[in-house]
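What follows is a set of notes on a single structure, which appears directly below.
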Amino acid sequence: MFSFELLLEAILFGVLLGCFYAAVSIGLSVSFGLLDVPHIAHPAILVFGSYCTYLLGRYGLDPIVAGIVLMPPFFLLGMAVYRFYYETFEKRGTDTGVRGLAFFFGLALVIEVGLILAFGVDQRMVEADYIGKSLVIGETRIPWRLLVAFGVAVVLTAGLTLYLSRTFTGRAIKAVAQDEPALRLMGANPVRIKQWAFGIATAVTALAGAMLIIVGPVDPSLDRIYIGRTFCVVVLAGLGSMTGTVAAGLILGISESIVLTQFGASWAPAVAFGLLLIVLGFRPQGLFGR
Amino acid sequence: MMRGAGFWIGAAVAIGLAGLAAGTFKDEYFFFAAYPILMYVVLATAWNILGGYAGYVNFGTAAFFGLGAYTSVALIQSTGAPLAVQIFGAAAMSGLLGFGTGLLTLRLRGIFFSIATVAVIFIMETLFINWRYVGGATGLQLLRPAPIWPFESYIKMLFVVMAVIVVAAVAVARYIENSWIGRGLHAVRDSEEAAECSGVPTLKLKVFACTISGALMGAAGAPMPMYLSFTEPASTFNLNYSIGALASAIIGGTAHWLGPVMGALLLTSLQQYATVNISNEMNVLVVGVLLVVFVVAAPDGILGLLRKLKRAK
Amino acid sequence: MSDALLQVNGVSKHFGGFAALSEVSIEVRQGERFGLIGPNGSGKTTLINCVSGSLHNEAGSITFAGEEISRLPAYQRTRRGIARSFQIPRPFSSMSVLENLVVPLEFVVHRRSLHQTNTSEEAMAILKTIGLADKADTPSNRLSQVELRKMELARAMAARPRLLISDEAMAGLSSNEVAEVLGILFKLNETGITIIMIEHIMQAVMRFSQRVVCLDAGRIICEGTPEAIVKNGDVQKAYLGA
């Protein structure tokens, strides 16, 4: 029962979804891809951002506005988290691998359980004009919330990519990822740059979290499957590549969409994890790896 | 501590005590509550072989554990195999999974291995959700057979069986720790590059550790379908098993086999108390907070703290 | 030449778009004292990493004692007789100095029969020759920089190599300590061990080496006796900048 129209529709949704996945992962592309932080708590912070958006929504704030409003406090949160991580683990040098990873794992756990205690395990949604209605083109119905998320995702991803390549601080961030000793010789403080970068990555993730709850309802355990999606995108992209993140997001989105329509919802969650294993096994440097 | 003969005497005493309890305690609830504690001792000990000795963090304990449980289910469904066969079958399957996962990802940096182990959980879960023979998404109800003499109830039998598995797991971990394999793994953990250049076959040792670790986790999972009487993918492949194993080992102390044992005994008991008296969520919160606190403030775990106390005297 | 212990032929290595090594060829003869110099970033450590197996070269071949070793993992190269020290010391920090040396003894020298009792004595003997015997039971994460570098060398020696590569073992040492390390390397060479020395301390390289090769930007720019190298214009330009 192969239908060309269904396939095209799946690809279309895949593209929209894929850009959303790219935006959701781009913070991790910076924090793990560029800064080498084992940030397994990234999806938990993403979901935390969704819940903050939900809270602000209860006060009448539109989710996109809420996401933007959340960016400064999340920026500060990111800076604080990195500072703590650096002082406690990175500085010491030895055995940071296990401890740093366990730290972020514990952090993710605490965030997840904190959300359960605060909001319960049921799903939460936000309301907005564009949620619930669809754009109709011929036979195809595209939910407006997907288009809105897609639009914000494009702006967010493009904005961050331009920031990293055009601004002075942005290029310093890329420099510190490539050659820290050289940067130090130039008089810049790599720790402060990394801290700033982590803050930006977290701020971006706040807005991404707002989009997450626009795209669909959230519950506290959502961070678990997003570990698969975000790390799949970041690894497939090639650590530190922003354009790669977009490409990888699209590949994941389209793959998931096709699997969803062809094989059903019980197989779709495994796509990200399966793709991740395949990339790790056969091309660990990803598409555009350093 | 615990030189050769001393260890085995202690092990015999432990199994003896377990048997004595099974023979004399009347309250079945004690065995229901104690079984998971013993189970987590095995999981934490198994985790530590790769995590503590080699420094590669496995988040996928639930995958190996769950595969062990489902191997039992498949064996029961197909051949009605006895418990001993289930355990060895489960160990073999999960050992194979450990071997495959290790071969695929242990040549990469540690974090990639860790992420891959998360992926393995979800893929296993998805596979078993879609496999009707062992129950699919809705799960499978299994009736416990009659217990083997001299046990009065099946749960008491499972309790003693798990005690034996604990001794086996700890014996394996202890052997590895004190052997050239353990020394090689420690070298890998301290500096993998220097280990390679010192003649240590790092990949082979890592894959070996991952295989043994997986096999033991599978063995711990084998009696689970009989313990619960009901097996379904979502709760069997629950990340909480991974969390418990990892946290127990780190909190107890990863340097010596006693660490995971102590950590699992303390943490699992604490968790049981919290679940019963407060809430299920509180138990997970306790684990998360303790994990972060120990990793930050007491990285050598309870063992490390005890050692410092001894030196201070 | 059957005299050659190590033959590096046309080896190239890239990192992304950056060419760390471009078609480098060197030959080190059995028993030779060989010096490798070049400014920072010229590719010396990359070349050593390709020889020891920490990195894999993309092009060219590396032959050791007549055997092509480019596809072998590092631990098998060590077992065939190539040992190296690291520019930035990499101790097994959870182990004592003695235990650090036991690792190569167990995994290279005694790998057929793995007993620990002999290895402790052998390790102590090596520590005595290098002057670290009194630190045998000290945790290696408590050593000073100088002691760490000595332990690096001792650990490489413990593998009983045929070829020992010393990667900037003397960086940051006082002139007395440099003389001490140099003396150890001379003694090792007298027992028949071929030695490749990478150093920035020119006096040490010139005193020690029978032949010297100079790298710059991933290519060999000069090869010859120490006297010839010192006078060479390209070498001077590479170090001082044109």
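A note on labels: chains of the structure tokens are A, B, ... as shown, every chain counts residues from 1, and ligands are counted from 1 in their shown order.
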
request  = Just the strand (DSSP E) stuff from range 16-235 of chain B, please, per backbone DSSP, written as JSON, numbers by chain.
outcome  = {"B": [140, 141, 230, 231]}

Store the residues picked out above in a file with C-alpha atoms, as a PDB file, in the first residue's frame.
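The file below, part21.pdb, is the result:
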```
ATOM      1  CA  LEU B 140       2.641 -11.499  29.863  1.00  0.00           C
ATOM      2  CA  GLN B 141       1.252 -13.081  32.982  1.00  0.00           C
ATOM      3  CA  PHE B 230       3.928 -10.268  35.227  1.00  0.00           C
ATOM      4  CA  THR B 231       6.392  -8.954  32.645  1.00  0.00           C
TER       5      THR B 231
END
```

request  = Write out as number ranges by chain which residues come within 8 Å of Ala54 in chain B when counting only C-alpha atoms, dropping same-chain ones fewer than 6 positions away.
outcome  = B: 185-189, 206

What does the file look like for those residues with N, CA and C atoms, as a PDB file, in the first residue's frame?
```
ATOM      1  N   LEU B 185      42.529  -3.013  33.559  1.00  0.00           N
ATOM      2  CA  LEU B 185      41.366  -2.123  33.503  1.00  0.00           C
ATOM      3  C   LEU B 185      41.646  -0.827  34.248  1.00  0.00           C
ATOM      4  N   HIS B 186      42.300  -0.919  35.397  1.00  0.00           N
ATOM      5  CA  HIS B 186      42.625   0.293  36.151  1.00  0.00           C
ATOM      6  C   HIS B 186      43.559   1.190  35.345  1.00  0.00           C
ATOM      7  N   ALA B 187      44.502   0.560  34.645  1.00  0.00           N
ATOM      8  CA  ALA B 187      45.397   1.356  33.797  1.00  0.00           C
ATOM      9  C   ALA B 187      44.604   2.064  32.706  1.00  0.00           C
ATOM     10  N   VAL B 188      43.635   1.351  32.134  1.00  0.00           N
ATOM     11  CA  VAL B 188      42.780   1.962  31.109  1.00  0.00           C
ATOM     12  C   VAL B 188      42.061   3.168  31.688  1.00  0.00           C
ATOM     13  N   ARG B 189      41.545   3.009  32.898  1.00  0.00           N
ATOM     14  CA  ARG B 189      40.798   4.101  33.513  1.00  0.00           C
ATOM     15  C   ARG B 189      41.700   5.300  33.790  1.00  0.00           C
ATOM     16  N   LYS B 206      38.351  -4.021  27.670  1.00  0.00           N
ATOM     17  CA  LYS B 206      37.098  -3.294  27.839  1.00  0.00           C
ATOM     18  C   LYS B 206      35.915  -4.134  27.377  1.00  0.00           C
TER      19      LYS B 206
END
```

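In this comparison, which uses only C-alpha atoms, the residue of C:Glu190, C:Glu99, C:Asp3, C:Glu168 approaching Gln87 in chain C most closely is C:Glu168.
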
request  = Show which residues sit within 8 Å of range 93-98 of chain C, as a PyMOL selection string. Count only C-alpha atoms, and ignore same-chain residues fewer than 4 positions away.
outcome  = (chain A and resi 94) or (chain B and resi 186+190) or (chain C and resi 102+120+123-124+127+135-141+151)

request  = Find the residues near Glu196 in chain B: any atom within 10 Å, counting only C-alpha atoms, skip ones fewer than 6 places away on the same chain, and give them as a list of chain:residue names.
outcome  = B:Gly184, B:Ala187, B:Val188, B:Thr202, B:Leu203, C:Ser52, C:Gly53, C:Ser54, C:Pro73, C:Ala74, C:Tyr75, C:Gln76, C:Arg77, C:Thr78, C:Pro104, C:Phe107

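Using only C-alpha atoms for every distance, the candidate list A:Phe168, A:Tyr51, A:Phe103, A:Phe282 yields A:Phe103 as the residue closest to chain B.
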
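Distances to chain A were evaluated for B:Leu265, B:Ile111, B:Val134, B:Ala18 using only C-alpha atoms, and the minimum falls at B:Ile111.
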
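These are the residues of range 93-145 of chain C assigned alpha helix (DSSP H) by DSSP from backbone coordinates: Val97, Leu98, Glu99, Asn100, Leu101, Val102, Val103, Pro104, Thr117, Asn118, Thr119, Ser120, Glu121, Glu122, Ala123, Met124, Ala125, Ile126, Leu127, Lys128, Thr129, Ile130 and Gln145 of chain C.
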
Any chance you could export the current selection's C-alpha atoms as a CSV table (one decimal), in the first residue's frame?
```csv
chain,number,residue,atom,x,y,z
C,97,VAL,CA,55.2,4.5,41.2
C,98,LEU,CA,56.1,0.9,41.5
C,99,GLU,CA,52.6,-0.2,40.3
C,100,ASN,CA,53.0,2.1,37.3
C,101,LEU,CA,56.1,0.1,36.2
C,102,VAL,CA,54.4,-3.2,36.9
C,103,VAL,CA,51.9,-2.5,34.2
C,104,PRO,CA,54.4,-2.8,31.2
C,117,THR,CA,56.1,-11.3,42.6
C,118,ASN,CA,58.9,-11.1,40.1
C,119,THR,CA,57.7,-7.9,38.6
C,120,SER,CA,58.0,-6.0,41.9
C,121,GLU,CA,61.7,-6.8,42.1
C,122,GLU,CA,62.3,-5.9,38.5
C,123,ALA,CA,60.4,-2.7,38.9
C,124,MET,CA,62.5,-1.7,41.9
C,125,ALA,CA,65.7,-2.4,39.9
C,126,ILE,CA,64.6,0.0,37.2
C,127,LEU,CA,63.6,2.6,39.7
C,128,LYS,CA,67.1,2.3,41.2
C,129,THR,CA,68.8,3.1,37.9
C,130,ILE,CA,66.7,6.1,37.4
C,145,GLN,CA,57.1,17.4,37.7
```

message = What's around range 199-213 of chain A at 7 Å? Count only C-alpha atoms, leave out sequence neighbours fewer than 3 positions away in its own chain, and write the answer as a ChimeraX atom specification.
response = /A:23-24,27-28,30-31,46-47,49-50,53,63-64,67-68,70-72,74-79,125-126,149,195-196,216-218
